[in-house]
Amino acid sequence: MILDLFRLDGKVAVVTGARKGLGLGIAAGLAEAGADVVGVGPIPMPETEEAVTSAGRRFLYVEADLATQRDIPDIAAETTASLGSLDILVNNAGIIRRDDILEFSEEDWDDVMNVNLKSLFFLSREAARQMARQGRGGKIINIASMLSFQGGVRVPSYTASKSAVAGLTKLLANDLAKYGIQVNAIAPGYMATDNTEPLRKDPLREEEILSRIPLGRWGTPDDLKGAAVFLSSRASDYVTGSIFPVDGGWLSR
C-alpha cells in the first residue's frame, strides 16, 4: 500500500533546534509517522518530549551547543548508544541577525555562519559516517529558506548561510548517493516563529509580506510535517539534491 511507504516505524530521527517552532513541529510529525526522535539543543525541551511520547515513540534529549562543533561527535554517539541507530537527520537549528549593512558586525556574521552552515556540515558528516556503517542508507534534511533563492534585506549572514545550505545540499546528495543516503532541503516560506516576530510586529512589513503570499497567511510548524515525513521516508527514495519550498506560493508571485 502506498501509505506504507510513508511510515517511519523502526527509524531514529535526530532533529536539531527541536525545542520549539519549526523543529518542534517536525519532531512531532516524524513521531506521528512512527520514528523515535532525538532532540538536540542547548537546553531541555519538555514540550518536544511530550509531543513525541504522546505519539507512542521514544524521545532522547542530547545537550549540544551548535555555535561550535565541539559537541557534534557526541550527538551521533549518544543517539546510537541509547536508541540503536541513526537513520534520519534534520538540520533545523538556525539563528538570524539583523542590522543595516553598513553596521553589520563580524561577530554577527560568524555567529550565524557557525550555526547555520558550519555545524550543519559537520553534523551531516558525522551522521553520514554512522549511516554508512549501518549499511542501509539514510536521509538528511536541511532547512533552507526563501533566502536560499532571494537576497532579502538587512540579513547578510543569514542570506549567505541559507544560500550555501542549498548548494551544500546538492553537494552532499552527490557525494553520499553511493552510500544510499538521500539529502534534500525544505525551504520554508514566511513562518510564524521567533525569527519572524520582528516582522510580524511591524504592521507595514507584515502587510507587504502577506500581500505577496497567495495563500494569504503566515505558515505554521504543522505546515512542514508533510514535507519532513515524505523526505524521511521510503516514498522519497528517488529524490535527492532537491530544495522543496513550503511557502504558501511566495515564490510563484
# chains A, B, ... in the order shown; residues from 1 in each chain; ligands from 1
call {"tool": "residues_around", "arguments": {"residues": "A:Asn91", "least_positions_apart": "3", "cutoff": "8 Å", "atoms": "only C-alpha atoms", "output": "ChimeraX atom specification"}}
result
/A:15-17,120,124,140-143
call {"tool": "select_by_dssp", "arguments": {"residues": "stretch 169-228 of chain A", "states": "strand (DSSP E)", "output": "list of chain:residue names"}}
result
A:Ile181, A:Gln182, A:Val183, A:Asn184, A:Ala185, A:Ile186, A:Ala187, A:Pro188
call {"tool": "select_by_dssp", "arguments": {"residues": "stretch 23-252 of chain A", "states": "alpha helix (DSSP H)", "output": "PyMOL selection string"}}
result
chain A and resi 23-32+46-53+72-83+106-113+119-134+156-176+197-200+203-212+225-232
call {"tool": "closest_atom_pairs", "arguments": {"of": "stretch 118-171 of chain A", "to": "stretch 74-83 of chain A", "cutoff": "12 Å", "atoms": "only C-alpha atoms", "output": "tab-separated table"}}
result
residue	atom	partner	partner_atom	distance
A:Ser119	CA	A:Ile75	CA	11.8
A:Phe122	CA	A:Ile75	CA	11.2
A:Leu123	CA	A:Ile75	CA	8.2
A:Ser124	CA	A:Ala76	CA	10.0
A:Arg125	CA	A:Ala76	CA	10.3
A:Glu126	CA	A:Ala76	CA	6.8
A:Ala127	CA	A:Ala76	CA	6.2
A:Ala128	CA	A:Ala76	CA	9.7
A:Arg129	CA	A:Ala76	CA	9.3
A:Gln130	CA	A:Ala76	CA	7.3
A:Met131	CA	A:Ala76	CA	9.9
A:Arg133	CA	A:Thr80	CA	11.5
A:Gln134	CA	A:Thr80	CA	10.4
call {"tool": "residues_around", "arguments": {"residues": "stretch 52-68 of chain A", "least_positions_apart": "6", "cutoff": "9 Å", "atoms": "only C-alpha atoms", "output": "ChimeraX atom specification"}}
result
/A:16,27-45,74-75,78-79,82-83,93,111-116,118-120
call {"tool": "write_last_selection", "arguments": {"atoms": "C-alpha atoms", "output": "PDB file, in the first residue's frame"}}
result
ATOM      1  CA  THR A  16      18.413  19.914  15.855  1.00  0.00           C
ATOM      2  CA  ALA A  27       9.839  16.303  15.510  1.00  0.00           C
ATOM      3  CA  ALA A  28       6.145  15.797  16.259  1.00  0.00           C
ATOM      4  CA  GLY A  29       5.404  14.913  12.627  1.00  0.00           C
ATOM      5  CA  LEU A  30       8.184  12.340  12.452  1.00  0.00           C
ATOM      6  CA  ALA A  31       7.000  10.744  15.692  1.00  0.00           C
ATOM      7  CA  GLU A  32       3.423  10.613  14.409  1.00  0.00           C
ATOM      8  CA  ALA A  33       4.769   8.720  11.386  1.00  0.00           C
ATOM      9  CA  GLY A  34       6.471   6.193  13.674  1.00  0.00           C
ATOM     10  CA  ALA A  35      10.018   7.443  14.287  1.00  0.00           C
ATOM     11  CA  ASP A  36      11.814   7.687  17.608  1.00  0.00           C
ATOM     12  CA  VAL A  37      13.224  11.192  17.986  1.00  0.00           C
ATOM     13  CA  VAL A  38      16.397  12.714  19.355  1.00  0.00           C
ATOM     14  CA  GLY A  39      16.048  16.408  20.151  1.00  0.00           C
ATOM     15  CA  VAL A  40      19.309  18.366  20.032  1.00  0.00           C
ATOM     16  CA  GLY A  41      19.765  21.771  21.616  1.00  0.00           C
ATOM     17  CA  PRO A  42      21.394  23.740  24.437  1.00  0.00           C
ATOM     18  CA  ILE A  43      18.503  23.445  26.930  1.00  0.00           C
ATOM     19  CA  PRO A  44      15.944  20.714  27.715  1.00  0.00           C
ATOM     20  CA  MET A  45      12.776  20.529  25.611  1.00  0.00           C
ATOM     21  CA  ASP A  74      28.598  13.162  20.932  1.00  0.00           C
ATOM     22  CA  ILE A  75      25.272  13.590  19.124  1.00  0.00           C
ATOM     23  CA  GLU A  78      24.591   9.183  22.230  1.00  0.00           C
ATOM     24  CA  THR A  79      21.887   8.555  19.646  1.00  0.00           C
ATOM     25  CA  SER A  82      20.617   4.927  23.518  1.00  0.00           C
ATOM     26  CA  LEU A  83      18.317   4.188  20.569  1.00  0.00           C
ATOM     27  CA  ALA A  93      18.871  24.668  14.105  1.00  0.00           C
ATOM     28  CA  ASP A 111      27.651  33.558  14.836  1.00  0.00           C
ATOM     29  CA  VAL A 112      25.167  32.881  12.053  1.00  0.00           C
ATOM     30  CA  MET A 113      27.573  31.057   9.777  1.00  0.00           C
ATOM     31  CA  ASN A 114      28.774  28.793  12.598  1.00  0.00           C
ATOM     32  CA  VAL A 115      25.272  27.587  13.498  1.00  0.00           C
ATOM     33  CA  ASN A 116      23.544  27.680  10.123  1.00  0.00           C
ATOM     34  CA  LYS A 118      29.471  25.026   9.636  1.00  0.00           C
ATOM     35  CA  SER A 119      27.745  22.883  12.260  1.00  0.00           C
ATOM     36  CA  LEU A 120      25.234  21.688   9.659  1.00  0.00           C
TER      37      LEU A 120
END
call {"tool": "atom_distance", "arguments": {"atom1": "atom CA of A:Ile181", "atom2": "atom CA of A:Thr220"}}
result
28.3 Å
call {"tool": "residues_around", "arguments": {"residues": "stretch 147-156 of chain A", "least_positions_apart": "2", "cutoff": "10 Å", "atoms": "only C-alpha atoms", "output": "compact mmCIF listing (two decimals) with C-alpha atoms, in the first residue's frame"}}
result
# COMPACT_ATOMS: atom_id res chain seq x y z
CA ILE A 96 19.44 35.18 12.36
CA ARG A 97 20.99 38.61 12.92
CA ARG A 98 19.51 41.81 11.51
CA ASP A 99 21.30 45.13 11.06
CA ASP A 100 21.94 47.81 8.49
CA ILE A 101 24.57 46.63 6.04
CA LEU A 102 27.00 49.45 6.90
CA GLU A 103 26.89 48.48 10.57
CA PHE A 104 26.82 44.68 10.29
CA ASP A 108 27.05 38.67 13.82
CA TRP A 109 28.46 37.23 10.60
CA VAL A 112 25.17 32.88 12.05
CA ILE A 143 16.26 23.52 6.47
CA ALA A 144 16.90 26.15 3.83
CA SER A 145 14.89 29.37 3.39
CA TYR A 158 21.59 34.66 7.11
CA THR A 159 21.20 35.01 3.34
CA ALA A 160 24.76 33.82 2.75
CA SER A 161 24.28 30.82 5.04
CA LYS A 162 20.94 29.75 3.57
CA SER A 163 22.17 30.16 0.01
CA ALA A 164 25.10 27.96 0.97
CA VAL A 165 22.78 25.41 2.56
CA ALA A 166 21.04 24.97 -0.81
CA GLY A 167 24.36 24.42 -2.57
CA ALA A 187 12.77 25.91 2.22
CA PRO A 188 10.08 27.32 4.50
CA GLY A 189 8.31 30.48 3.49
CA ILE A 243 15.13 22.09 -2.45
CA PRO A 245 9.71 25.31 -0.99
CA LEU A 251 7.99 32.14 -5.00
call {"tool": "residues_around", "arguments": {"residues": "A:Ala173", "least_positions_apart": "3", "cutoff": "7 Å", "atoms": "only C-alpha atoms", "output": "number ranges by chain"}}
result
A: 169-170, 176-177, 182-183, 240-241
call {"tool": "write_last_selection", "arguments": {"atoms": "N, CA and C atoms", "output": "PDB file, in the first residue's frame"}}
result
ATOM      1  N   THR A 169      23.487  21.145   0.094  1.00  0.00           N
ATOM      2  CA  THR A 169      22.536  20.045  -0.029  1.00  0.00           C
ATOM      3  C   THR A 169      22.794  19.266  -1.319  1.00  0.00           C
ATOM      4  N   LYS A 170      23.016  19.976  -2.401  1.00  0.00           N
ATOM      5  CA  LYS A 170      23.270  19.316  -3.688  1.00  0.00           C
ATOM      6  C   LYS A 170      24.612  18.582  -3.682  1.00  0.00           C
ATOM      7  N   LEU A 176      27.049  11.491  -1.229  1.00  0.00           N
ATOM      8  CA  LEU A 176      26.547  10.445  -0.337  1.00  0.00           C
ATOM      9  C   LEU A 176      25.633   9.445  -1.022  1.00  0.00           C
ATOM     10  N   ALA A 177      25.344   9.663  -2.305  1.00  0.00           N
ATOM     11  CA  ALA A 177      24.450   8.743  -3.018  1.00  0.00           C
ATOM     12  C   ALA A 177      24.992   7.311  -3.013  1.00  0.00           C
ATOM     13  N   GLN A 182      20.012   9.820   0.912  1.00  0.00           N
ATOM     14  CA  GLN A 182      19.422  10.916   0.158  1.00  0.00           C
ATOM     15  C   GLN A 182      19.478  12.201   0.987  1.00  0.00           C
ATOM     16  N   VAL A 183      19.825  13.297   0.333  1.00  0.00           N
ATOM     17  CA  VAL A 183      19.959  14.587   1.002  1.00  0.00           C
ATOM     18  C   VAL A 183      19.099  15.606   0.270  1.00  0.00           C
ATOM     19  N   THR A 240      16.681  13.245  -4.429  1.00  0.00           N
ATOM     20  CA  THR A 240      17.871  13.710  -3.723  1.00  0.00           C
ATOM     21  C   THR A 240      18.415  14.960  -4.403  1.00  0.00           C
ATOM     22  N   GLY A 241      19.007  15.826  -3.605  1.00  0.00           N
ATOM     23  CA  GLY A 241      19.556  17.075  -4.119  1.00  0.00           C
ATOM     24  C   GLY A 241      18.522  18.134  -4.425  1.00  0.00           C
TER      25      GLY A 241
END
call {"tool": "atom_distance", "arguments": {"atom1": "atom CA of A:Arg253", "atom2": "atom CA of A:Val90"}}
result
28.5 Å
call {"tool": "closest_residue", "arguments": {"among": "A:Gly23, A:Leu199, A:Pro46, A:Ile88", "to": "A:Leu231", "atoms": "only C-alpha atoms"}}
result
A:Ile88
call {"tool": "closest_residue", "arguments": {"among": "A:Thr193, A:Asn184, A:Ser236, A:Ser242", "to": "A:Gly219", "atoms": "only C-alpha atoms"}}
result
A:Thr193
call {"tool": "atom_distance", "arguments": {"atom1": "atom CA of A:Asp4", "atom2": "atom CA of A:Phe230"}}
result
11.4 Å
call {"tool": "closest_residue", "arguments": {"among": "A:Leu117, A:Ser232, A:Asp222, A:Ser157", "to": "A:Lys11", "atoms": "only C-alpha atoms"}}
result
A:Ser232
call {"tool": "decode", "arguments": {"residues": "stretch 43-123 of chain A", "atoms": "C-alpha atoms", "output": "CSV table (one decimal), in the first residue's frame"}}
result
chain,number,residue,atom,x,y,z
A,43,ILE,CA,18.5,23.4,26.9
A,44,PRO,CA,15.9,20.7,27.7
A,45,MET,CA,12.8,20.5,25.6
A,46,PRO,CA,9.9,19.1,27.6
A,47,GLU,CA,7.3,20.2,25.1
A,48,THR,CA,9.0,18.2,22.4
A,49,GLU,CA,9.4,15.2,24.6
A,50,GLU,CA,5.6,15.3,25.4
A,51,ALA,CA,4.8,15.6,21.6
A,52,VAL,CA,6.9,12.6,20.8
A,53,THR,CA,6.0,10.3,23.7
A,54,SER,CA,2.3,11.1,23.3
A,55,ALA,CA,2.6,9.7,19.8
A,56,GLY,CA,3.9,6.5,21.4
A,57,ARG,CA,7.5,6.9,20.4
A,58,ARG,CA,10.8,7.2,22.4
A,59,PHE,CA,12.5,10.5,22.9
A,60,LEU,CA,16.1,11.3,23.8
A,61,TYR,CA,17.4,14.8,24.6
A,62,VAL,CA,21.0,15.5,23.7
A,63,GLU,CA,22.5,18.7,25.0
A,64,ALA,CA,24.7,20.4,22.4
A,65,ASP,CA,25.7,23.9,21.5
A,66,LEU,CA,25.9,24.2,17.7
A,67,ALA,CA,27.6,27.6,17.9
A,68,THR,CA,30.7,25.4,18.0
A,69,GLN,CA,31.5,21.9,16.6
A,70,ARG,CA,32.7,20.6,20.0
A,71,ASP,CA,29.6,18.6,20.8
A,72,ILE,CA,28.9,17.1,17.3
A,73,PRO,CA,30.6,13.7,17.7
A,74,ASP,CA,28.6,13.2,20.9
A,75,ILE,CA,25.3,13.6,19.1
A,76,ALA,CA,25.7,10.5,16.9
A,77,ALA,CA,27.3,8.5,19.7
A,78,GLU,CA,24.6,9.2,22.2
A,79,THR,CA,21.9,8.6,19.6
A,80,THR,CA,23.2,5.1,18.6
A,81,ALA,CA,24.1,4.1,22.2
A,82,SER,CA,20.6,4.9,23.5
A,83,LEU,CA,18.3,4.2,20.6
A,84,GLY,CA,20.3,1.8,18.5
A,85,SER,CA,20.7,3.6,15.2
A,86,LEU,CA,20.7,6.9,13.4
A,87,ASP,CA,18.5,6.9,10.2
A,88,ILE,CA,17.3,10.4,9.7
A,89,LEU,CA,19.0,13.8,10.4
A,90,VAL,CA,17.1,17.1,10.2
A,91,ASN,CA,19.4,20.1,10.4
A,92,ASN,CA,16.9,22.6,11.6
A,93,ALA,CA,18.9,24.7,14.1
A,94,GLY,CA,19.4,28.2,12.9
A,95,ILE,CA,19.8,31.8,14.0
A,96,ILE,CA,19.4,35.2,12.4
A,97,ARG,CA,21.0,38.6,12.9
A,98,ARG,CA,19.5,41.8,11.5
A,99,ASP,CA,21.3,45.1,11.1
A,100,ASP,CA,21.9,47.8,8.5
A,101,ILE,CA,24.6,46.6,6.0
A,102,LEU,CA,27.0,49.5,6.9
A,103,GLU,CA,26.9,48.5,10.6
A,104,PHE,CA,26.8,44.7,10.3
A,105,SER,CA,29.5,43.2,12.6
A,106,GLU,CA,32.0,40.4,12.1
A,107,GLU,CA,30.6,38.8,15.3
A,108,ASP,CA,27.0,38.7,13.8
A,109,TRP,CA,28.5,37.2,10.6
A,110,ASP,CA,30.4,34.5,12.4
A,111,ASP,CA,27.7,33.6,14.8
A,112,VAL,CA,25.2,32.9,12.1
A,113,MET,CA,27.6,31.1,9.8
A,114,ASN,CA,28.8,28.8,12.6
A,115,VAL,CA,25.3,27.6,13.5
A,116,ASN,CA,23.5,27.7,10.1
A,117,LEU,CA,26.3,26.3,7.9
A,118,LYS,CA,29.5,25.0,9.6
A,119,SER,CA,27.7,22.9,12.3
A,120,LEU,CA,25.2,21.7,9.7
A,121,PHE,CA,28.1,20.3,7.5
A,122,PHE,CA,30.0,18.6,10.3
A,123,LEU,CA,26.9,17.1,11.9
